[in-house]
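Peer 1: Starting off with a structure, shown below.
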Amino acid sequence: MSKSIVSIAKGDDPEKMVEQALDLLGGVQSLIKKESTVVLKPNAGHPGPAETSINTNPAFVSAVIKTIQKANPKKIIVAEAAAIGCDTMECLEASGIKQAAIDAGVDDFRDIKSDKDLIKIPIRDARSAVQKVLLPRFLVEAEHLVNLPIFKSHCSMVFTCALKNMKGVVQDKVHYQMHQTNLAEAMMDIWSVIKADLNIVDMIRPAEGFGPHFTMPTDFGCVLAGKDPVAVDATACRLTGLDLGIVPYFGPANERGLGSFKEDEIEIRGLEKIRRVFWFPYLEGFDKYPEYTIDTTGACSSCLALVGLTMEKLKSLNQYDANSDVTILVGRKKEIPEGIPPEKLILIGDCLKKFKKKGLYVEGCPPGEPAPHWAIVDRMTAEGIDISDPEIFNIVRGRMEEEAFPFIEHMIKLKEEHDKQHGNK
Ligand code: SF4
């Protein structure tokens, strides 16, 4: 069996790094056909500026466009479907990607969310509730789809990189549906009908911390590339000290034939010894919250991460002591403790749906980011809330913004402690 190749380029000039990463794969001319249409899919899901590392870095996108132009394609298009409730063109503008791409000579931008020329594609052997998807014709018919994720921590999926970035090729309806079902399997369902043929990862200033919203960018000066998205993501994890065993989607991705994550099935080309133990704070365990009763047996990392974030949110907003009377349950269980008043029992995630009448149920698999925190503080269930409704979205966004500042201050202190402990500079 031939190995999946992943190239790694290190430096401080994005153009040189992208070119070197592609040279290590055989050169841009061997990867991109002359006179082809190339669609670039960055991560531009939220309206955050470049310095936050919430989105793919604009200088990196510019470097990719300039490098791909050397293969003489017919057209280069930047396309994205921003997160639910976010405007794609606003995100491309706020992130700096739009101007950087124009300056580099991009031919077009497309907002996948508002595209009307769609092709309905059934997902055969779907393993999630997503049974079909509507995809823009231009995306399906392009000769090349080049995935341009940024590597960043992600509280509900551990991290986001090549595999997860392709979630942004669907419109809001399917996107919402993906969050109501098993997200890891839904991501693989999407990959089963549309694949990026090349993945180039922005690890110039990837983000640690409580991503995707509360990121802590870190200088890493690195670009990764490869055709196999699983191998690319697995390599990014190894470079950042992340244990692959806790990532919920390597197994499903491998089973679906999307690629390899095992070390002996991947050939690394370029620099290997770039390693820094990234801070994924939501994976640090729950012993540090002895005041709370938290039962996480049967939970996967997505929900564990969410509970970790929830506990730190409570601390940062001085809500920790006042709510320590709750019992938090997460993960698949055959039975739950009896005799706890419903307003003191927090049931997080679809695994516990069958017990929802016994406590405050937070729906989703995994649930959305602020929902468990607000269920505890407000003592309310979180079910059937459609954040694609603009009015609800604005209420949610407003509250998240209000809570952001104290949480960021709290996060900075925790990150300093982590860096000291791991000797990170
Ligand atoms: S609801 Fe269950 S399966 Fe879904 S992410 Fe949470 S623990 Fe995992």
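Ordering of the structure tokens sets the chain letters (A, B, ...); residue numbers start at 1 within each chain; ligands are numbered from 1 in the order shown.
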List all protein, DNA and RNA residues that have any atom at most 12 Å from ligand 1, counting only C-alpha atoms and all ligand atoms, and write the list as JSON, numbers by chain.
Peer 2: {"A": [128, 155, 156, 157, 158, 178, 179, 180, 181, 182, 183, 184, 185, 186, 246, 247, 248, 249, 295, 296, 297, 298, 299, 300, 301, 302, 303, 304, 305, 306, 307, 329, 330, 331, 332, 333, 347, 348, 349, 350, 351, 352, 353, 354, 361, 362, 363, 364, 365, 366, 367, 368, 369, 372]}
Peer 1: Using only N, CA and C atoms, please write the residues we just selected to a file, as a compact mmCIF listing (two decimals), in the first residue's frame.
Peer 2:
# COMPACT_ATOMS: atom_id res chain seq x y z
N SER A 128 -25.15 9.56 9.01
CA SER A 128 -25.79 10.56 9.86
C SER A 128 -27.19 10.80 9.29
N CYS A 155 -13.89 23.77 20.37
CA CYS A 155 -14.40 23.16 21.60
C CYS A 155 -15.37 22.01 21.36
N SER A 156 -16.02 21.96 20.20
CA SER A 156 -16.92 20.82 20.04
C SER A 156 -16.34 19.72 19.16
N MET A 157 -15.22 19.98 18.46
CA MET A 157 -14.64 18.92 17.63
C MET A 157 -13.14 18.73 17.93
N VAL A 158 -12.68 19.25 19.06
CA VAL A 158 -11.30 19.21 19.52
C VAL A 158 -10.44 20.20 18.73
N MET A 178 -26.64 19.20 10.16
CA MET A 178 -25.41 18.50 10.60
C MET A 178 -25.22 18.63 12.11
N HIS A 179 -25.63 19.78 12.65
CA HIS A 179 -25.47 19.98 14.09
C HIS A 179 -26.54 19.30 14.92
N GLN A 180 -27.61 18.82 14.25
CA GLN A 180 -28.66 18.12 14.98
C GLN A 180 -28.44 16.61 14.94
N THR A 181 -27.37 16.18 14.26
CA THR A 181 -27.12 14.75 14.14
C THR A 181 -25.68 14.50 14.61
N ASN A 182 -25.14 13.32 14.33
CA ASN A 182 -23.75 13.07 14.72
C ASN A 182 -22.83 13.84 13.79
N LEU A 183 -22.22 14.90 14.33
CA LEU A 183 -21.47 15.84 13.48
C LEU A 183 -20.26 15.18 12.81
N ALA A 184 -19.56 14.32 13.54
CA ALA A 184 -18.37 13.67 12.96
C ALA A 184 -18.78 12.83 11.74
N GLU A 185 -19.84 12.05 11.89
CA GLU A 185 -20.30 11.22 10.76
C GLU A 185 -20.86 12.09 9.64
N ALA A 186 -21.56 13.18 10.02
CA ALA A 186 -22.13 14.07 9.00
C ALA A 186 -21.01 14.70 8.16
N ILE A 246 -8.18 10.90 20.95
CA ILE A 246 -9.34 11.61 21.51
C ILE A 246 -10.12 12.39 20.45
N VAL A 247 -9.66 12.32 19.21
CA VAL A 247 -10.36 13.05 18.13
C VAL A 247 -11.47 12.15 17.57
N PRO A 248 -12.72 12.65 17.57
CA PRO A 248 -13.84 11.74 17.23
C PRO A 248 -13.94 11.37 15.76
N TYR A 249 -13.18 11.99 14.89
CA TYR A 249 -13.45 11.70 13.48
C TYR A 249 -12.34 11.01 12.70
N ASP A 295 -20.69 13.68 35.71
CA ASP A 295 -20.53 12.29 35.27
C ASP A 295 -20.35 12.29 33.76
N THR A 296 -19.12 11.95 33.32
CA THR A 296 -18.82 12.00 31.89
C THR A 296 -18.67 10.60 31.29
N THR A 297 -19.05 9.57 32.03
CA THR A 297 -18.87 8.22 31.46
C THR A 297 -19.68 8.08 30.17
N GLY A 298 -19.05 7.49 29.17
CA GLY A 298 -19.73 7.27 27.90
C GLY A 298 -19.71 8.47 26.97
N ALA A 299 -19.05 9.56 27.39
CA ALA A 299 -19.06 10.76 26.54
C ALA A 299 -17.89 10.75 25.56
N CYS A 300 -18.09 11.29 24.39
CA CYS A 300 -16.97 11.42 23.46
C CYS A 300 -16.36 12.81 23.62
N SER A 301 -15.21 13.01 22.98
CA SER A 301 -14.42 14.21 23.24
C SER A 301 -15.17 15.50 22.92
N SER A 302 -16.10 15.46 21.97
CA SER A 302 -16.80 16.69 21.62
C SER A 302 -17.57 17.23 22.82
N CYS A 303 -18.30 16.35 23.48
CA CYS A 303 -19.07 16.81 24.64
C CYS A 303 -18.16 17.07 25.85
N LEU A 304 -17.08 16.30 25.97
CA LEU A 304 -16.14 16.55 27.07
C LEU A 304 -15.56 17.95 26.94
N ALA A 305 -15.21 18.30 25.71
CA ALA A 305 -14.64 19.62 25.45
C ALA A 305 -15.64 20.72 25.82
N LEU A 306 -16.86 20.48 25.48
CA LEU A 306 -17.91 21.46 25.74
C LEU A 306 -18.11 21.65 27.25
N VAL A 307 -18.04 20.57 28.00
CA VAL A 307 -18.20 20.68 29.46
C VAL A 307 -17.01 21.45 30.05
N LEU A 329 -24.61 15.70 33.68
CA LEU A 329 -24.45 14.38 33.06
C LEU A 329 -24.19 14.57 31.57
N VAL A 330 -23.26 13.78 31.05
CA VAL A 330 -22.96 13.82 29.63
C VAL A 330 -22.51 12.44 29.19
N GLY A 331 -22.87 12.04 27.98
CA GLY A 331 -22.46 10.72 27.48
C GLY A 331 -23.59 9.70 27.57
N ARG A 332 -23.43 8.65 26.78
CA ARG A 332 -24.46 7.60 26.70
C ARG A 332 -24.56 6.84 28.04
N LYS A 333 -25.77 6.72 28.57
CA LYS A 333 -25.96 6.02 29.85
C LYS A 333 -27.22 5.18 29.80
N LEU A 347 -28.61 17.75 31.55
CA LEU A 347 -28.40 16.59 30.67
C LEU A 347 -27.87 17.11 29.33
N ILE A 348 -26.60 16.88 29.10
CA ILE A 348 -25.98 17.50 27.91
C ILE A 348 -25.85 16.50 26.76
N GLY A 349 -26.49 16.82 25.64
CA GLY A 349 -26.29 16.05 24.41
C GLY A 349 -27.36 15.03 24.12
N ASP A 350 -27.47 14.69 22.83
CA ASP A 350 -28.52 13.78 22.36
C ASP A 350 -28.44 12.39 22.98
N CYS A 351 -27.26 12.02 23.47
CA CYS A 351 -27.12 10.72 24.13
C CYS A 351 -28.11 10.57 25.28
N LEU A 352 -28.49 11.69 25.88
CA LEU A 352 -29.34 11.66 27.08
C LEU A 352 -30.78 12.06 26.78
N LYS A 353 -31.12 12.09 25.51
CA LYS A 353 -32.46 12.55 25.12
C LYS A 353 -33.57 11.75 25.80
N LYS A 354 -33.36 10.46 25.94
CA LYS A 354 -34.44 9.64 26.51
C LYS A 354 -34.75 10.01 27.97
N TYR A 361 -32.54 19.60 29.66
CA TYR A 361 -31.91 18.90 28.54
C TYR A 361 -31.33 19.91 27.55
N VAL A 362 -30.10 19.63 27.11
CA VAL A 362 -29.44 20.49 26.11
C VAL A 362 -29.25 19.65 24.86
N GLU A 363 -30.00 19.94 23.83
CA GLU A 363 -29.96 19.06 22.64
C GLU A 363 -28.74 19.33 21.76
N GLY A 364 -28.43 18.34 20.92
CA GLY A 364 -27.33 18.47 19.95
C GLY A 364 -26.32 17.35 20.13
N CYS A 365 -25.60 17.08 19.08
CA CYS A 365 -24.62 16.00 19.12
C CYS A 365 -23.36 16.42 18.34
N PRO A 366 -22.51 17.24 18.93
CA PRO A 366 -22.62 17.86 20.25
C PRO A 366 -23.52 19.08 20.21
N PRO A 367 -23.98 19.56 21.38
CA PRO A 367 -24.75 20.81 21.40
C PRO A 367 -23.89 22.00 20.98
N GLY A 368 -24.55 23.10 20.64
CA GLY A 368 -23.82 24.32 20.28
C GLY A 368 -23.10 24.90 21.49
N GLU A 369 -22.10 25.75 21.22
CA GLU A 369 -21.16 26.19 22.26
C GLU A 369 -21.75 26.84 23.53
N PRO A 372 -24.85 24.64 26.94
CA PRO A 372 -24.76 24.04 28.28
C PRO A 372 -24.55 25.09 29.38
Peer 1: Got a sec: who's within 10 Å of Pro47 of chain A, counting only C-alpha atoms, leaving out chain neighbours fewer than 4 positions off, as a CSV table (one decimal) with C-alpha atoms, in the first residue's frame?
Peer 2:
chain,number,residue,atom,x,y,z
A,54,ILE,CA,-10.4,32.7,13.6
A,55,ASN,CA,-10.2,32.6,9.8
A,82,ALA,CA,-19.9,31.2,6.5
A,83,ALA,CA,-21.2,29.9,9.8
A,86,CYS,CA,-22.9,35.0,9.4
A,87,ASP,CA,-22.8,36.7,6.1
A,88,THR,CA,-20.1,35.1,3.8
A,89,MET,CA,-19.1,38.3,2.0
A,90,GLU,CA,-18.9,40.2,5.3
A,91,CYS,CA,-16.6,37.4,6.7
A,92,LEU,CA,-14.4,37.4,3.6
A,93,GLU,CA,-14.1,41.2,3.9
A,94,ALA,CA,-13.5,41.4,7.7
A,95,SER,CA,-10.9,38.6,7.6
A,96,GLY,CA,-8.9,40.5,5.0
Peer 1: Per DSSP on the backbone, filter segment 54-277 of chain A down to the residues in strand (DSSP E) and report them as a PyMOL selection string.
Peer 2: chain A and resi 75-80+108-111+118-122+132-136+144-148+150-154+158-160+198-210+214-217+222-226+266-270
Peer 1: List every residue of segment 32-88 of chain A that DSSP, applied to the backbone, labels as alpha helix (DSSP H), and write the result as an MDAnalysis selection string.
Peer 2: chainID A and resid 58:69 88
Peer 1: Limited to N, CA and C atoms, could you put the picked residues into a file as a short mmCIF file (atom, residue, chain, number, x, y, z; two decimals), in the first residue's frame?
Peer 2:
data_model
loop_
_atom_site.label_atom_id
_atom_site.label_comp_id
_atom_site.auth_asym_id
_atom_site.auth_seq_id
_atom_site.Cartn_x
_atom_site.Cartn_y
_atom_site.Cartn_z
N PRO A 58 -5.09 35.98 5.55
CA PRO A 58 -5.15 36.53 4.18
C PRO A 58 -3.83 36.44 3.42
N ALA A 59 -2.71 36.60 4.11
CA ALA A 59 -1.41 36.53 3.42
C ALA A 59 -1.18 35.11 2.88
N PHE A 60 -1.68 34.14 3.60
CA PHE A 60 -1.58 32.74 3.17
C PHE A 60 -2.45 32.50 1.92
N VAL A 61 -3.68 33.03 1.95
CA VAL A 61 -4.58 32.87 0.78
C VAL A 61 -3.94 33.52 -0.45
N SER A 62 -3.38 34.71 -0.24
CA SER A 62 -2.70 35.41 -1.34
C SER A 62 -1.55 34.56 -1.88
N ALA A 63 -0.79 33.97 -0.98
CA ALA A 63 0.36 33.13 -1.38
C ALA A 63 -0.11 31.93 -2.20
N VAL A 64 -1.23 31.33 -1.80
CA VAL A 64 -1.76 30.17 -2.54
C VAL A 64 -2.18 30.60 -3.95
N ILE A 65 -2.89 31.73 -4.03
CA ILE A 65 -3.34 32.20 -5.36
C ILE A 65 -2.13 32.43 -6.27
N LYS A 66 -1.12 33.12 -5.76
CA LYS A 66 0.06 33.43 -6.59
C LYS A 66 0.78 32.14 -7.01
N THR A 67 0.83 31.17 -6.12
CA THR A 67 1.52 29.91 -6.46
C THR A 67 0.72 29.13 -7.50
N ILE A 68 -0.60 29.08 -7.31
CA ILE A 68 -1.43 28.32 -8.26
C ILE A 68 -1.44 28.98 -9.65
N GLN A 69 -1.33 30.30 -9.67
CA GLN A 69 -1.28 31.00 -10.98
C GLN A 69 -0.13 30.49 -11.85
N THR A 88 -21.41 35.60 4.41
CA THR A 88 -20.14 35.13 3.83
C THR A 88 -19.27 36.29 3.32
#
Peer 1: Separation of atom CA of Ala375 of chain A and atom CA of Leu360 of chain A, in Å?
Peer 2: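 That distance, rounded to one decimal, is 6.9 Å.
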Peer 1: Contacts of segment 390-402 of chain A at 9 Å or less, counting only C-alpha atoms, minus same-chain residues fewer than 4 places along, as a list in words?
Peer 2: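 Those residues are Ile84, Gly85, Pro370, Ile385, Asp386 and Pro406 of chain A.
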Peer 1: Of the candidates A:Cys237, A:Ile340, A:Ala9, A:Val201, which shows the shortest atom-to-atom distance to Thr327 of chain A, using only C-alpha atoms?
Peer 2: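 Selected residue with least distance to Thr327 of chain A: A:Ile340.
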Peer 1: Measuring atom to atom with only C-alpha atoms, identify which of A:Ser192, A:Asn72, A:Thr37, A:Gln99 is nearest to His144 of chain A.
Peer 2: A:Thr37
Peer 1: Rounded to one decimal place, report the atom CA of Arg256 of chain A-atom CA of Gly168 of chain A distance in Å.
Peer 2: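 So the answer is 19.6 Å.
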Peer 1: Return as CSV the residues of segment 176-201 of chain A lying at most 12 Å from segment 41-44 of chain A, together with the closest atom-to-atom pair for each and the distance in Å to one decimal, counting only C-alpha atoms, with rows in chain order and ascending residue number.
Peer 2:
residue,atom,partner,partner_atom,distance
A:Lys195,CA,A:Lys41,CA,11.4
A:Ala196,CA,A:Lys41,CA,8.9
A:Asp197,CA,A:Lys41,CA,11.4
A:Leu198,CA,A:Lys41,CA,10.5
A:Asn199,CA,A:Lys41,CA,9.5
A:Ile200,CA,A:Pro42,CA,9.6
A:Val201,CA,A:Pro42,CA,9.4
Peer 1: Generate a file of the selected residues that holds N, CA and C atoms, formatted as a CSV table (one decimal), in the first residue's frame.
Peer 2:
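selection_38.csv written:
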chain,number,residue,atom,x,y,z
A,195,LYS,N,-15.1,16.0,-2.6
A,195,LYS,CA,-13.7,15.9,-1.9
A,195,LYS,C,-12.9,17.0,-2.4
A,196,ALA,N,-12.1,17.6,-1.5
A,196,ALA,CA,-11.0,18.5,-2.0
A,196,ALA,C,-9.9,17.6,-2.5
A,197,ASP,N,-9.3,18.0,-3.6
A,197,ASP,CA,-8.2,17.2,-4.2
A,197,ASP,C,-6.9,17.6,-3.7
A,198,LEU,N,-6.8,18.7,-3.0
A,198,LEU,CA,-5.6,19.2,-2.4
A,198,LEU,C,-5.9,20.0,-1.1
A,199,ASN,N,-5.1,19.7,-0.1
A,199,ASN,CA,-5.3,20.5,1.2
A,199,ASN,C,-4.0,21.2,1.5
A,200,ILE,N,-4.2,22.5,1.7
A,200,ILE,CA,-3.0,23.3,2.1
A,200,ILE,C,-3.4,24.0,3.4
A,201,VAL,N,-2.6,23.7,4.5
A,201,VAL,CA,-3.0,24.1,5.8
A,201,VAL,C,-2.2,25.4,6.2
Peer 1: Report, in Å to a single decimal, how far apart atom CA of His373 of chain A and atom CA of Asn323 of chain A are.
Peer 2: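 These two atoms are separated by 10.5 Å.
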Peer 1: Could you check which of A:Arg110, A:Arg275, A:Lys425, A:Lys358 is closest to Lys10 of chain A, using only C-alpha atoms?
Peer 2: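 Residue with the minimum atom-to-atom distance to Lys10 of chain A: A:Arg275.
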Peer 1: Given only C-alpha atoms as the basis, pick out the residue of A:Leu31, A:Met188, A:Met1, A:Ile150 nearest to Ile204 of chain A.
Peer 2: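 With only C-alpha atoms as the atom set, the closest residue is A:Ile150.
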Peer 1: Do a neighbour search on Ile412 of chain A at 12 Å with only C-alpha atoms, toss out local chain neighbours closer than 6 positions, and write the hits as an NGL selection string.
Peer 2: :A and (208-210 or 214-217 or 279 or 281 or 316 or 405-406 or 418-419)
Peer 1: Can you work out which one of A:Glu141, A:Glu284, A:Asp233, A:Glu267 has the shortest atom-to-atom distance to Ile119 of chain A, counting only C-alpha atoms?
Peer 2: A:Glu141
Peer 1: Point out the residue among A:Phe220, A:Lys113, A:Gly270, A:Lys167 with the least atom-to-atom distance to Leu22 of chain A, counting only C-alpha atoms.
Peer 2: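 Looking at the shortest contact to Leu22 of chain A, the residue is A:Gly270.
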